[in-house]
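> So that you have it, the file is final_9.cif, and it contains mmCIF, C-alpha atoms:
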data_upload
#
loop_
_atom_site.group_PDB
_atom_site.id
_atom_site.type_symbol
_atom_site.label_atom_id
_atom_site.label_comp_id
_atom_site.auth_asym_id
_atom_site.auth_seq_id
_atom_site.Cartn_x
_atom_site.Cartn_y
_atom_site.Cartn_z
ATOM 1 C CA MET A 132 0.000 0.000 0.000
ATOM 2 C CA ASN A 133 1.096 3.582 -0.623
ATOM 3 C CA SER A 134 3.318 4.600 2.281
ATOM 4 C CA GLN A 135 1.953 8.159 2.434
ATOM 5 C CA ILE A 136 -1.595 6.936 2.970
ATOM 6 C CA LYS A 137 -0.381 4.438 5.541
ATOM 7 C CA LYS A 138 1.645 7.015 7.441
ATOM 8 C CA GLY A 139 -1.316 9.239 8.096
ATOM 9 C CA ILE A 140 -3.464 6.506 9.517
ATOM 10 C CA LEU A 141 -0.919 4.669 11.686
ATOM 11 C CA ASP A 142 -1.327 7.142 14.559
ATOM 12 C CA LEU A 143 -4.949 6.086 14.726
ATOM 13 C CA CYS A 144 -3.948 2.391 14.694
ATOM 14 C CA VAL A 145 -1.573 2.895 17.621
ATOM 15 C CA LEU A 146 -4.288 4.742 19.562
ATOM 16 C CA ALA A 147 -6.712 1.900 18.877
ATOM 17 C CA LEU A 148 -4.186 -0.662 20.144
ATOM 18 C CA LEU A 149 -3.694 1.366 23.319
ATOM 19 C CA GLU A 150 -7.448 1.576 23.852
ATOM 20 C CA LYS A 151 -7.399 -2.131 24.736
ATOM 21 C CA GLY A 152 -4.991 -1.408 27.586
ATOM 22 C CA ASP A 153 -1.612 0.050 28.450
ATOM 23 C CA SER A 154 1.308 -1.501 26.627
ATOM 24 C CA TYR A 155 5.054 -1.171 26.002
ATOM 25 C CA GLY A 156 7.008 -0.469 22.833
ATOM 26 C CA TYR A 157 8.035 -3.981 21.834
ATOM 27 C CA ASP A 158 4.538 -5.353 22.350
ATOM 28 C CA LEU A 159 2.931 -2.525 20.369
ATOM 29 C CA ALA A 160 5.493 -2.879 17.578
ATOM 30 C CA GLY A 161 4.632 -6.577 17.305
ATOM 31 C CA SER A 162 0.859 -6.027 17.413
ATOM 32 C CA LEU A 163 1.030 -3.368 14.721
ATOM 33 C CA ALA A 164 3.463 -5.199 12.435
ATOM 34 C CA ARG A 165 1.388 -8.389 12.659
ATOM 35 C CA LYS A 166 -1.714 -6.631 11.312
ATOM 36 C CA VAL A 167 -0.309 -3.974 8.976
ATOM 37 C CA GLU A 168 2.645 -4.337 6.696
ATOM 38 C CA VAL A 169 5.096 -1.962 8.419
ATOM 39 C CA ALA A 170 8.554 -2.261 9.938
ATOM 40 C CA ASP A 171 8.712 -2.938 13.677
ATOM 41 C CA GLY A 172 10.499 0.367 14.216
ATOM 42 C CA THR A 173 7.626 2.463 12.837
ATOM 43 C CA VAL A 174 5.749 2.472 16.120
ATOM 44 C CA TYR A 175 8.489 4.300 18.051
ATOM 45 C CA PRO A 176 8.452 7.668 16.257
ATOM 46 C CA ILE A 177 4.652 7.606 16.464
ATOM 47 C CA LEU A 178 4.695 6.906 20.210
ATOM 48 C CA ARG A 179 7.216 9.671 20.723
ATOM 49 C CA LYS A 180 5.120 12.171 18.825
ATOM 50 C CA LEU A 181 1.928 11.160 20.615
ATOM 51 C CA ALA A 182 3.660 11.419 23.988
ATOM 52 C CA SER A 183 4.913 14.942 23.323
ATOM 53 C CA GLU A 184 1.427 15.972 22.249
ATOM 54 C CA GLY A 185 -0.069 14.639 25.465
ATOM 55 C CA ILE A 186 -2.133 12.061 23.554
ATOM 56 C CA VAL A 187 -0.421 9.264 25.479
ATOM 57 C CA SER A 188 1.405 9.307 28.806
ATOM 58 C CA THR A 189 4.257 7.045 29.874
ATOM 59 C CA TYR A 190 5.320 5.290 33.049
ATOM 60 C CA LEU A 191 7.887 2.672 34.010
ATOM 61 C CA GLN A 192 6.835 -0.741 35.292
ATOM 62 C CA GLU A 193 8.977 -3.625 36.495
ATOM 63 C CA SER A 194 9.089 -6.636 34.186
ATOM 64 C CA GLN A 195 9.530 -10.216 35.402
ATOM 65 C CA ASN A 196 12.869 -10.579 33.692
ATOM 66 C CA GLY A 197 15.099 -7.727 32.726
ATOM 67 C CA PRO A 198 14.930 -3.970 33.266
ATOM 68 C CA PRO A 199 11.666 -2.019 33.789
ATOM 69 C CA ARG A 200 9.528 -1.391 30.715
ATOM 70 C CA LYS A 201 8.233 1.941 29.519
ATOM 71 C CA TYR A 202 4.456 1.637 29.316
ATOM 72 C CA TYR A 203 2.192 3.853 27.249
ATOM 73 C CA HIS A 204 -1.250 4.917 28.421
ATOM 74 C CA LEU A 205 -4.008 6.583 26.441
ATOM 75 C CA THR A 206 -4.908 9.923 28.091
ATOM 76 C CA ASP A 207 -8.376 11.460 28.061
ATOM 77 C CA ALA A 208 -7.281 13.730 25.234
ATOM 78 C CA GLY A 209 -6.083 10.622 23.387
ATOM 79 C CA ARG A 210 -9.390 8.865 23.884
ATOM 80 C CA LYS A 211 -11.244 11.868 22.498
ATOM 81 C CA LYS A 212 -8.922 12.053 19.503
ATOM 82 C CA LEU A 213 -9.297 8.322 18.874
ATOM 83 C CA ASN A 214 -13.096 8.436 18.918
ATOM 84 C CA ALA A 215 -13.287 11.471 16.661
ATOM 85 C CA GLU A 216 -10.750 10.160 14.142
ATOM 86 C CA ARG A 217 -12.160 6.645 14.122
ATOM 87 C CA GLU A 218 -15.567 7.960 13.129
ATOM 88 C CA GLU A 219 -14.031 10.156 10.449
ATOM 89 C CA TRP A 220 -11.987 7.292 9.060
ATOM 90 C CA ILE A 221 -14.896 4.850 8.942
ATOM 91 C CA LYS A 222 -17.028 7.445 7.182
ATOM 92 C CA PHE A 223 -14.236 8.228 4.728
ATOM 93 C CA CYS A 224 -13.638 4.519 4.051
ATOM 94 C CA GLY A 225 -17.315 4.071 3.326
ATOM 95 C CA GLU A 226 -17.269 6.943 0.846
ATOM 96 C CA VAL A 227 -14.117 5.694 -0.855
ATOM 97 C CA ASN A 228 -15.500 2.178 -1.063
ATOM 98 C CA GLY A 229 -18.633 3.562 -2.617
ATOM 99 C CA ILE A 230 -16.640 5.249 -5.382
ATOM 100 C CA ILE A 231 -14.281 2.352 -5.959
ATOM 101 C CA SER A 232 -16.927 -0.333 -6.159
ATOM 102 C CA GLU A 233 -19.119 1.794 -8.496
ATOM 103 C CA GLU A 234 -16.132 2.294 -10.728
ATOM 104 C CA THR A 235 -15.268 -1.414 -10.934
ATOM 105 C CA GLY A 236 -18.962 -2.257 -11.241
ATOM 106 C CA GLY A 237 -19.238 0.065 -14.238
ATOM 107 C CA LYS A 238 -16.217 -1.448 -15.920
ATOM 108 C CA ALA A 239 -17.525 -4.939 -15.364
ATOM 109 C CA ASP A 240 -20.684 -4.011 -17.267
ATOM 110 C CA GLU A 241 -18.815 -2.850 -20.334
ATOM 111 C CA MET B 249 23.632 -5.725 11.068
ATOM 112 C CA ASN B 250 23.964 -6.423 14.788
ATOM 113 C CA LYS B 251 22.577 -4.380 17.658
ATOM 114 C CA THR B 252 25.632 -2.143 18.127
ATOM 115 C CA GLU B 253 25.892 -1.394 14.414
ATOM 116 C CA TYR B 254 22.179 -0.652 14.149
ATOM 117 C CA LEU B 255 22.183 1.740 17.116
ATOM 118 C CA LYS B 256 25.279 3.484 15.810
ATOM 119 C CA ARG B 257 23.749 3.950 12.351
ATOM 120 C CA LEU B 258 20.550 5.240 13.909
ATOM 121 C CA SER B 259 22.271 7.781 16.142
ATOM 122 C CA ASP B 260 24.451 8.925 13.229
ATOM 123 C CA GLU B 261 21.372 9.472 11.092
ATOM 124 C CA LEU B 262 19.597 11.390 13.853
ATOM 125 C CA GLY B 263 22.410 13.908 13.523
ATOM 126 C CA HIS B 264 21.435 17.354 14.680
ATOM 127 C CA MET B 265 18.694 16.403 17.111
ATOM 128 C CA PRO B 266 19.290 17.571 20.705
ATOM 129 C CA TYR B 267 21.433 15.158 22.699
ATOM 130 C CA GLY B 268 18.655 14.335 25.189
ATOM 131 C CA ASP B 269 16.269 13.324 22.392
ATOM 132 C CA VAL B 270 18.850 11.130 20.678
ATOM 133 C CA LYS B 271 19.628 9.428 23.982
ATOM 134 C CA ASP B 272 15.937 8.819 24.593
ATOM 135 C CA ILE B 273 15.370 7.368 21.133
ATOM 136 C CA ILE B 274 18.427 5.115 21.271
ATOM 137 C CA GLN B 275 17.327 3.870 24.657
ATOM 138 C CA SER B 276 13.892 2.908 23.395
ATOM 139 C CA ILE B 277 15.331 1.016 20.408
ATOM 140 C CA GLU B 278 17.914 -0.646 22.640
ATOM 141 C CA GLU B 279 15.058 -1.834 24.840
ATOM 142 C CA HIS B 280 13.371 -3.228 21.749
ATOM 143 C CA PHE B 281 16.498 -5.276 21.012
ATOM 144 C CA ASP B 282 16.670 -6.529 24.591
ATOM 145 C CA GLU B 283 13.026 -7.606 24.540
ATOM 146 C CA GLY B 284 13.573 -9.453 21.267
ATOM 147 C CA LEU B 285 16.752 -11.130 22.529
ATOM 148 C CA GLY B 286 14.782 -12.223 25.602
ATOM 149 C CA GLU B 287 12.405 -14.007 23.228
ATOM 150 C CA GLY B 288 15.327 -15.855 21.682
ATOM 151 C CA ARG B 289 15.533 -13.855 18.437
ATOM 152 C CA SER B 290 18.946 -12.946 17.019
ATOM 153 C CA GLU B 291 20.259 -9.371 16.866
ATOM 154 C CA GLU B 292 20.354 -9.516 13.042
ATOM 155 C CA GLU B 293 16.778 -10.702 12.876
ATOM 156 C CA ILE B 294 15.551 -7.900 15.146
ATOM 157 C CA ALA B 295 17.561 -5.290 13.244
ATOM 158 C CA ALA B 296 16.070 -6.461 9.943
ATOM 159 C CA SER B 297 12.507 -6.309 11.244
ATOM 160 C CA LEU B 298 13.031 -2.833 12.724
ATOM 161 C CA GLY B 299 13.586 -1.514 9.218
ATOM 162 C CA ASP B 300 16.242 0.693 7.656
ATOM 163 C CA PRO B 301 17.857 2.849 10.389
ATOM 164 C CA LYS B 302 17.983 5.818 8.027
ATOM 165 C CA GLU B 303 14.266 5.612 7.366
ATOM 166 C CA LEU B 304 13.535 5.211 11.058
ATOM 167 C CA ALA B 305 15.699 8.240 11.873
ATOM 168 C CA ASN B 306 13.795 10.251 9.264
ATOM 169 C CA GLU B 307 10.494 9.300 10.845
ATOM 170 C CA PHE B 308 11.799 10.486 14.217
ATOM 171 C CA LYS B 309 12.985 13.713 12.649
ATOM 172 C CA ASP B 310 9.636 14.269 10.906
ATOM 173 C CA GLY B 311 7.896 13.793 14.231
ATOM 174 C CA ALA B 312 10.119 16.396 15.886
ATOM 175 C CA LYS B 313 9.530 18.854 13.027
ATOM 176 C CA PHE B 314 5.785 18.308 13.249
ATOM 177 C CA ASN B 315 5.927 19.078 16.957
ATOM 178 C CA GLN B 316 7.814 22.303 16.438
ATOM 179 C CA ILE B 317 5.259 23.458 13.903
ATOM 180 C CA MET B 318 2.395 22.595 16.235
ATOM 181 C CA LYS B 319 4.050 24.438 19.110
ATOM 182 C CA LYS B 320 4.584 27.497 16.975
ATOM 183 C CA ARG B 321 0.982 27.384 15.793
ATOM 184 C CA LYS B 322 -0.252 27.085 19.336
ATOM 185 C CA ARG B 323 1.828 30.057 20.382
ATOM 186 C CA MET B 324 0.529 32.094 17.462
ATOM 187 C CA ALA B 325 -3.023 31.097 18.311
ATOM 188 C CA ASP B 326 -2.444 32.078 21.931
ATOM 189 C CA SER B 327 -1.073 35.459 20.946
ATOM 190 C CA PHE B 328 -4.058 36.098 18.675
ATOM 191 C CA LYS B 329 -6.366 35.253 21.506
ATOM 192 C CA GLY B 330 -4.522 37.975 23.371
ATOM 193 C CA PRO B 331 -2.198 37.416 26.301
ATOM 194 C CA ASP B 332 -3.794 36.691 29.633
ATOM 195 C CA GLY B 333 -2.304 39.897 31.045
ATOM 196 C CA ARG B 334 0.000 38.174 33.511
ATOM 197 C CA GLY B 335 3.000 38.608 31.210
ATOM 198 C CA ARG B 336 2.321 42.324 30.889
ATOM 199 C CA ILE B 337 1.853 42.805 34.624
ATOM 200 C CA PHE B 338 5.098 40.929 35.200
ATOM 201 C CA VAL B 339 7.003 43.141 32.746
ATOM 202 C CA ILE B 340 5.692 46.325 34.369
ATOM 203 C CA VAL B 341 6.285 45.223 37.972
ATOM 204 C CA PHE B 342 9.657 43.650 37.259
ATOM 205 C CA ASN B 343 10.910 46.752 35.469
ATOM 206 C CA ALA B 344 9.560 49.142 38.094
ATOM 207 C CA PHE B 345 11.193 47.365 41.027
ATOM 208 C CA VAL B 346 14.224 45.525 39.604
ATOM 209 C CA GLY B 347 14.873 45.874 35.896
ATOM 210 C CA ILE B 348 15.269 49.601 35.330
ATOM 211 C CA GLU B 349 17.140 50.067 38.623
ATOM 212 C CA CYS B 350 19.679 47.407 37.695
ATOM 213 C CA TRP B 351 20.301 48.944 34.296
ATOM 214 C CA LEU B 352 20.680 52.427 35.840
ATOM 215 C CA VAL B 353 23.237 51.159 38.374
ATOM 216 C CA LEU B 354 25.199 49.478 35.590
ATOM 217 C CA LEU B 355 25.019 52.627 33.484
ATOM 218 C CA ALA B 356 26.301 54.648 36.461
ATOM 219 C CA ALA B 357 29.200 52.191 36.817
ATOM 220 C CA VAL B 358 30.142 52.579 33.157
ATOM 221 C CA ILE B 359 29.933 56.378 33.410
ATOM 222 C CA ALA B 360 32.014 56.307 36.615
ATOM 223 C CA ALA B 361 34.706 54.251 34.880
ATOM 224 C CA PHE B 362 34.682 56.778 32.044
ATOM 225 C CA MET B 363 35.059 59.670 34.493
ATOM 226 C CA PHE B 364 37.914 57.935 36.311
ATOM 227 C CA LEU B 365 39.590 57.551 32.947
ATOM 228 C CA ALA B 366 39.148 61.266 32.174
ATOM 229 C CA ALA B 367 40.561 62.266 35.575
ATOM 230 C CA ASP B 368 43.464 59.851 35.155
ATOM 231 C CA LEU B 369 44.328 61.278 31.736
ATOM 232 C CA GLY B 370 44.075 64.787 33.188
ATOM 233 C CA ILE B 371 46.556 64.023 35.953
ATOM 234 C CA ILE B 372 48.951 62.403 33.477
ATOM 235 C CA GLY B 373 48.699 65.477 31.270
ATOM 236 C CA VAL B 374 49.425 67.879 34.124
ATOM 237 C CA LEU B 375 52.370 65.817 35.399
ATOM 238 C CA VAL B 376 53.949 65.387 31.959
ATOM 239 C CA ALA B 377 53.503 69.066 31.160
ATOM 240 C CA SER B 378 55.088 70.045 34.481
ATOM 241 C CA MET B 379 58.046 67.734 33.881
ATOM 242 C CA ILE B 380 58.604 69.040 30.360
ATOM 243 C CA MET B 381 58.458 72.612 31.540
ATOM 244 C CA GLY B 382 60.992 71.763 34.243
ATOM 245 C CA LYS B 383 58.786 72.667 37.166
ATOM 246 C CA ILE B 384 59.426 69.334 38.886
ATOM 247 C CA THR B 385 63.057 69.010 39.949
ATOM 248 C CA GLU B 386 63.129 67.319 43.348
ATOM 249 C CA PHE B 387 60.908 64.265 42.780
ATOM 250 C CA LEU B 388 61.588 63.606 39.097
ATOM 251 C CA VAL B 389 62.154 59.823 39.387
ATOM 252 C CA PRO B 390 59.126 59.107 41.609
ATOM 253 C CA CYS B 391 57.128 61.353 39.271
ATOM 254 C CA ILE B 392 58.088 59.296 36.229
ATOM 255 C CA PHE B 393 57.036 56.146 38.063
ATOM 256 C CA LEU B 394 53.765 57.781 39.032
ATOM 257 C CA VAL B 395 53.107 58.709 35.396
ATOM 258 C CA LEU B 396 53.889 55.141 34.272
ATOM 259 C CA THR B 397 51.512 53.771 36.895
ATOM 260 C CA LEU B 398 48.798 56.173 35.822
ATOM 261 C CA VAL B 399 49.294 55.166 32.166
ATOM 262 C CA CYS B 400 48.777 51.507 33.146
ATOM 263 C CA VAL B 401 45.624 52.517 34.997
ATOM 264 C CA ALA B 402 44.467 54.429 31.913
ATOM 265 C CA VAL B 403 44.969 51.401 29.636
ATOM 266 C CA PHE B 404 43.027 49.262 32.071
ATOM 267 C CA LEU B 405 40.206 51.815 32.235
ATOM 268 C CA VAL B 406 40.025 52.141 28.440
ATOM 269 C CA ALA B 407 39.581 48.375 28.167
ATOM 270 C CA LEU B 408 37.022 48.459 30.943
ATOM 271 C CA VAL B 409 34.998 51.245 29.325
ATOM 272 C CA ILE B 410 35.064 49.630 25.861
ATOM 273 C CA LEU B 411 33.982 46.249 27.220
ATOM 274 C CA GLY B 412 31.486 47.914 29.523
ATOM 275 C CA VAL B 413 29.781 49.823 26.708
ATOM 276 C CA LYS B 414 29.820 46.803 24.395
ATOM 277 C CA TYR B 415 28.262 44.372 26.857
ATOM 278 C CA TYR B 416 25.900 46.988 28.213
ATOM 279 C CA ALA B 417 24.477 47.491 24.716
ATOM 280 C CA LYS B 418 24.368 43.760 24.045
ATOM 281 C CA GLY B 419 22.759 42.962 27.381
ATOM 282 C CA LEU B 420 20.220 45.744 27.069
ATOM 283 C CA LYS B 421 19.246 44.520 23.619
ATOM 284 C CA SER B 422 18.558 40.973 24.722
ATOM 285 C CA TYR B 423 16.858 42.239 27.870
ATOM 286 C CA ILE B 424 14.457 44.268 25.734
ATOM 287 C CA ARG B 425 13.872 41.266 23.473
ATOM 288 C CA TRP B 426 13.066 39.133 26.514
ATOM 289 C CA ASN B 427 10.681 41.780 27.815
ATOM 290 C CA LYS B 428 8.897 41.878 24.478
ATOM 291 C CA HIS B 429 8.545 38.114 24.470
ATOM 292 C CA VAL B 430 7.101 38.044 27.988
ATOM 293 C CA TRP B 431 4.827 40.944 27.090
ATOM 294 C CA ASN B 432 3.425 39.101 24.087
ATOM 295 C CA TYR B 433 3.469 35.475 25.153
ATOM 296 C CA GLY B 434 3.704 35.507 28.942
ATOM 297 C CA LEU B 435 6.126 33.578 31.092
ATOM 298 C CA GLY B 436 5.854 30.126 29.588
ATOM 299 C CA GLU B 437 8.200 27.513 28.262
ATOM 300 C CA ASP B 438 10.564 28.617 25.501
#
Write the structure described by the file as structure tokens, please.

Amino acid sequence: MNSQIKKGILDLCVLALLEKGDSYGYDLAGSLARKVEVADGTVYPILRKLASEGIVSTYLQESQNGPPRKYYHLTDAGRKKLNAEREEWIKFCGEVNGIISEETGGKADE
Amino acid sequence: MNKTEYLKRLSDELGHMPYGDVKDIIQSIEEHFDEGLGEGRSEEEIAASLGDPKELANEFKDGAKFNQIMKKRKRMADSFKGPDGRGRIFVIVFNAFVGIECWLVLLAAVIAAFMFLAADLGIIGVLVASMIMGKITEFLVPCIFLVLTLVCVAVFLVALVILGVKYYAKGLKSYIRWNKHVWNYGLGED
């Protein structure tokens, strides 16, 4: 898929993953890369940007083995942003699908 | 590429970012490696799945740029909304009780140094003139030493006055700039 289109929507994907519960970088990277075709590293610049905007907050938590992990938490502002953008995206997808399927439908008739 | 090589490439590519940010970023990617190694993956495997370090660095840099733009926009928006007045009150009170007084004292010091210099040059002039005209006969040698001492003092004062004027102007300029900033945007970050 076009990387520009993907880039714009990955913020929303990360927010949606965090909606299910707080998580740490490695886990989020894996969850995202399993579902979308992106490099594991992609999640880190996004998390950093979201954190500086106050969309997510961070805290350290001990892990069973190894050093403490940096956890990310969706703030209230983040939740608001997620809900607003999710609606927008679903609406937009519906509109785009409408155009695309009409187009292919028309061609199929010819 | 192993872990060390990957981190080195990444920090090289991050280049001009502030040191604290680079450290933070490297730490988070290092943690990613450690988590992966804990799962039994190899360093090369993790590095490959992280993606090209140059591309990753660019994404970090884009994020930082985006933030700067947003901050600037927010500040502009705030200034259009009009300052909350606290910045202006601070500028007025600070200048009335501290700012202007400090600058006046410094100005007085610079003027005093200048006056000392004038007096010093005057004394040198009188002494040299007296010696040339032959009015001083008894204490000629101590007089010469006195003149030499006064010349040294004069050189010192010239340097002091030049530096004083230069830094006074410089300091005053940035002080005014700071006042303007506080006046317009208040006492915030930046």
> Between B:Thr252, B:Glu279, B:Cys400, B:Lys309, single out the one closest to B:Pro266, counting only C-alpha atoms.
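Using only C-alpha atoms, the shortest distance to B:Pro266 belongs to B:Lys309.
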> One decimal, Å: what's the distance from atom CA of A:Tyr203 over to atom CA of B:Glu261, could you say?
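Atom CA of B:Glu261 lies 25.7 Å from atom CA of A:Tyr203.
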> For the file shown, what are the residues hit by the PyMOL selection byres ((chain A) within 12 of (chain B)), laid out as number ranges by chain?
A: 138-139, 142, 155-161, 164-165, 168-185, 194-202
> May I have the residues within 9 Å of B:Val406 as a PyMOL selection string, using all atoms listed in the file and disregarding those fewer than 6 positions away in the same chain?
chain B and resi 361-362+365
> From (-4.6, 9.8, 26.1), in the file's coordinates, out to 12 Å: which residues are reached, counting all atoms listed in the file? Answer as a PyMOL selection string.
chain A and resi 143+145-147+149-150+152-153+178+181-189+203-214
> Suppose you want the space between atom CA of B:Ser378 and atom CA of B:Ala402; what is it in Å?
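Those two atoms sit 19.1 Å apart.
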> By how many Å are atom CA of B:Met249 and atom CA of B:Gly288 apart?
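The value is 16.9 Å.
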> Since I can't run it myself right now, could you work out what the PyMOL selection byres ((chain B and resi 409) around 10) selects here and report it as a VMD selection string?
chain B and resid 357 to 363 365 403 to 408 410 to 415
> Please write out, as JSON, where the centre of an axis-aligned box around all listed atoms of stretch 422-430 of chain B lies and how long its edges are, in Å to one decimal, after adding 5 Å on each side.

{"center_x": 12.8, "center_y": 41.2, "center_z": 25.7, "size_x": 21.5, "size_y": 16.2, "size_z": 14.5}
> Mind listing as an NGL selection string all residues within 12 Å of (21.0, 45.2, 28.3), counting only C-alpha atoms?
:B and (347-348 or 350-355 or 412-427)
> So, with only C-alpha atoms as the atoms that count, which of B:Lys322, B:His429, B:Lys383, B:Lys251 lies closest to B:Ser290?
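Going through B:Lys322, B:His429, B:Lys383, B:Lys251 one by one, the smallest distance to B:Ser290 is for B:Lys251.
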> What would stretch 215-227 of chain A look like with N, CA and C atoms in place, written as a PDB file, keeping the file's coordinate frame?

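Done, and the output landed in rebuild22.pdb:
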ATOM      1  N   ALA A 215     -12.967  10.550  17.752  1.00  0.00           N
ATOM      2  CA  ALA A 215     -13.287  11.471  16.661  1.00  0.00           C
ATOM      3  C   ALA A 215     -12.708  10.968  15.340  1.00  0.00           C
ATOM      4  N   GLU A 216     -11.416  10.552  15.387  1.00  0.00           N
ATOM      5  CA  GLU A 216     -10.750  10.160  14.142  1.00  0.00           C
ATOM      6  C   GLU A 216     -11.254   8.825  13.620  1.00  0.00           C
ATOM      7  N   ARG A 217     -11.636   7.953  14.543  1.00  0.00           N
ATOM      8  CA  ARG A 217     -12.160   6.645  14.122  1.00  0.00           C
ATOM      9  C   ARG A 217     -13.439   6.844  13.314  1.00  0.00           C
ATOM     10  N   GLU A 218     -14.307   7.692  13.833  1.00  0.00           N
ATOM     11  CA  GLU A 218     -15.567   7.960  13.129  1.00  0.00           C
ATOM     12  C   GLU A 218     -15.288   8.526  11.738  1.00  0.00           C
ATOM     13  N   GLU A 219     -14.382   9.526  11.721  1.00  0.00           N
ATOM     14  CA  GLU A 219     -14.031  10.156  10.449  1.00  0.00           C
ATOM     15  C   GLU A 219     -13.519   9.137   9.447  1.00  0.00           C
ATOM     16  N   TRP A 220     -12.626   8.268   9.942  1.00  0.00           N
ATOM     17  CA  TRP A 220     -11.987   7.292   9.060  1.00  0.00           C
ATOM     18  C   TRP A 220     -13.004   6.303   8.517  1.00  0.00           C
ATOM     19  N   ILE A 221     -13.898   5.832   9.384  1.00  0.00           N
ATOM     20  CA  ILE A 221     -14.896   4.850   8.942  1.00  0.00           C
ATOM     21  C   ILE A 221     -15.814   5.471   7.885  1.00  0.00           C
ATOM     22  N   LYS A 222     -16.173   6.736   8.128  1.00  0.00           N
ATOM     23  CA  LYS A 222     -17.028   7.445   7.182  1.00  0.00           C
ATOM     24  C   LYS A 222     -16.299   7.593   5.843  1.00  0.00           C
ATOM     25  N   PHE A 223     -15.052   8.023   5.934  1.00  0.00           N
ATOM     26  CA  PHE A 223     -14.236   8.228   4.728  1.00  0.00           C
ATOM     27  C   PHE A 223     -14.079   6.919   3.951  1.00  0.00           C
ATOM     28  N   CYS A 224     -13.812   5.833   4.693  1.00  0.00           N
ATOM     29  CA  CYS A 224     -13.638   4.519   4.051  1.00  0.00           C
ATOM     30  C   CYS A 224     -14.911   4.127   3.308  1.00  0.00           C
ATOM     31  N   GLY A 225     -16.042   4.400   3.954  1.00  0.00           N
ATOM     32  CA  GLY A 225     -17.315   4.071   3.326  1.00  0.00           C
ATOM     33  C   GLY A 225     -17.471   4.826   2.013  1.00  0.00           C
ATOM     34  N   GLU A 226     -17.144   6.109   2.042  1.00  0.00           N
ATOM     35  CA  GLU A 226     -17.269   6.943   0.846  1.00  0.00           C
ATOM     36  C   GLU A 226     -16.344   6.445  -0.267  1.00  0.00           C
ATOM     37  N   VAL A 227     -15.094   6.159   0.134  1.00  0.00           N
ATOM     38  CA  VAL A 227     -14.117   5.694  -0.855  1.00  0.00           C
ATOM     39  C   VAL A 227     -14.569   4.360  -1.449  1.00  0.00           C
TER      40      VAL A 227
END
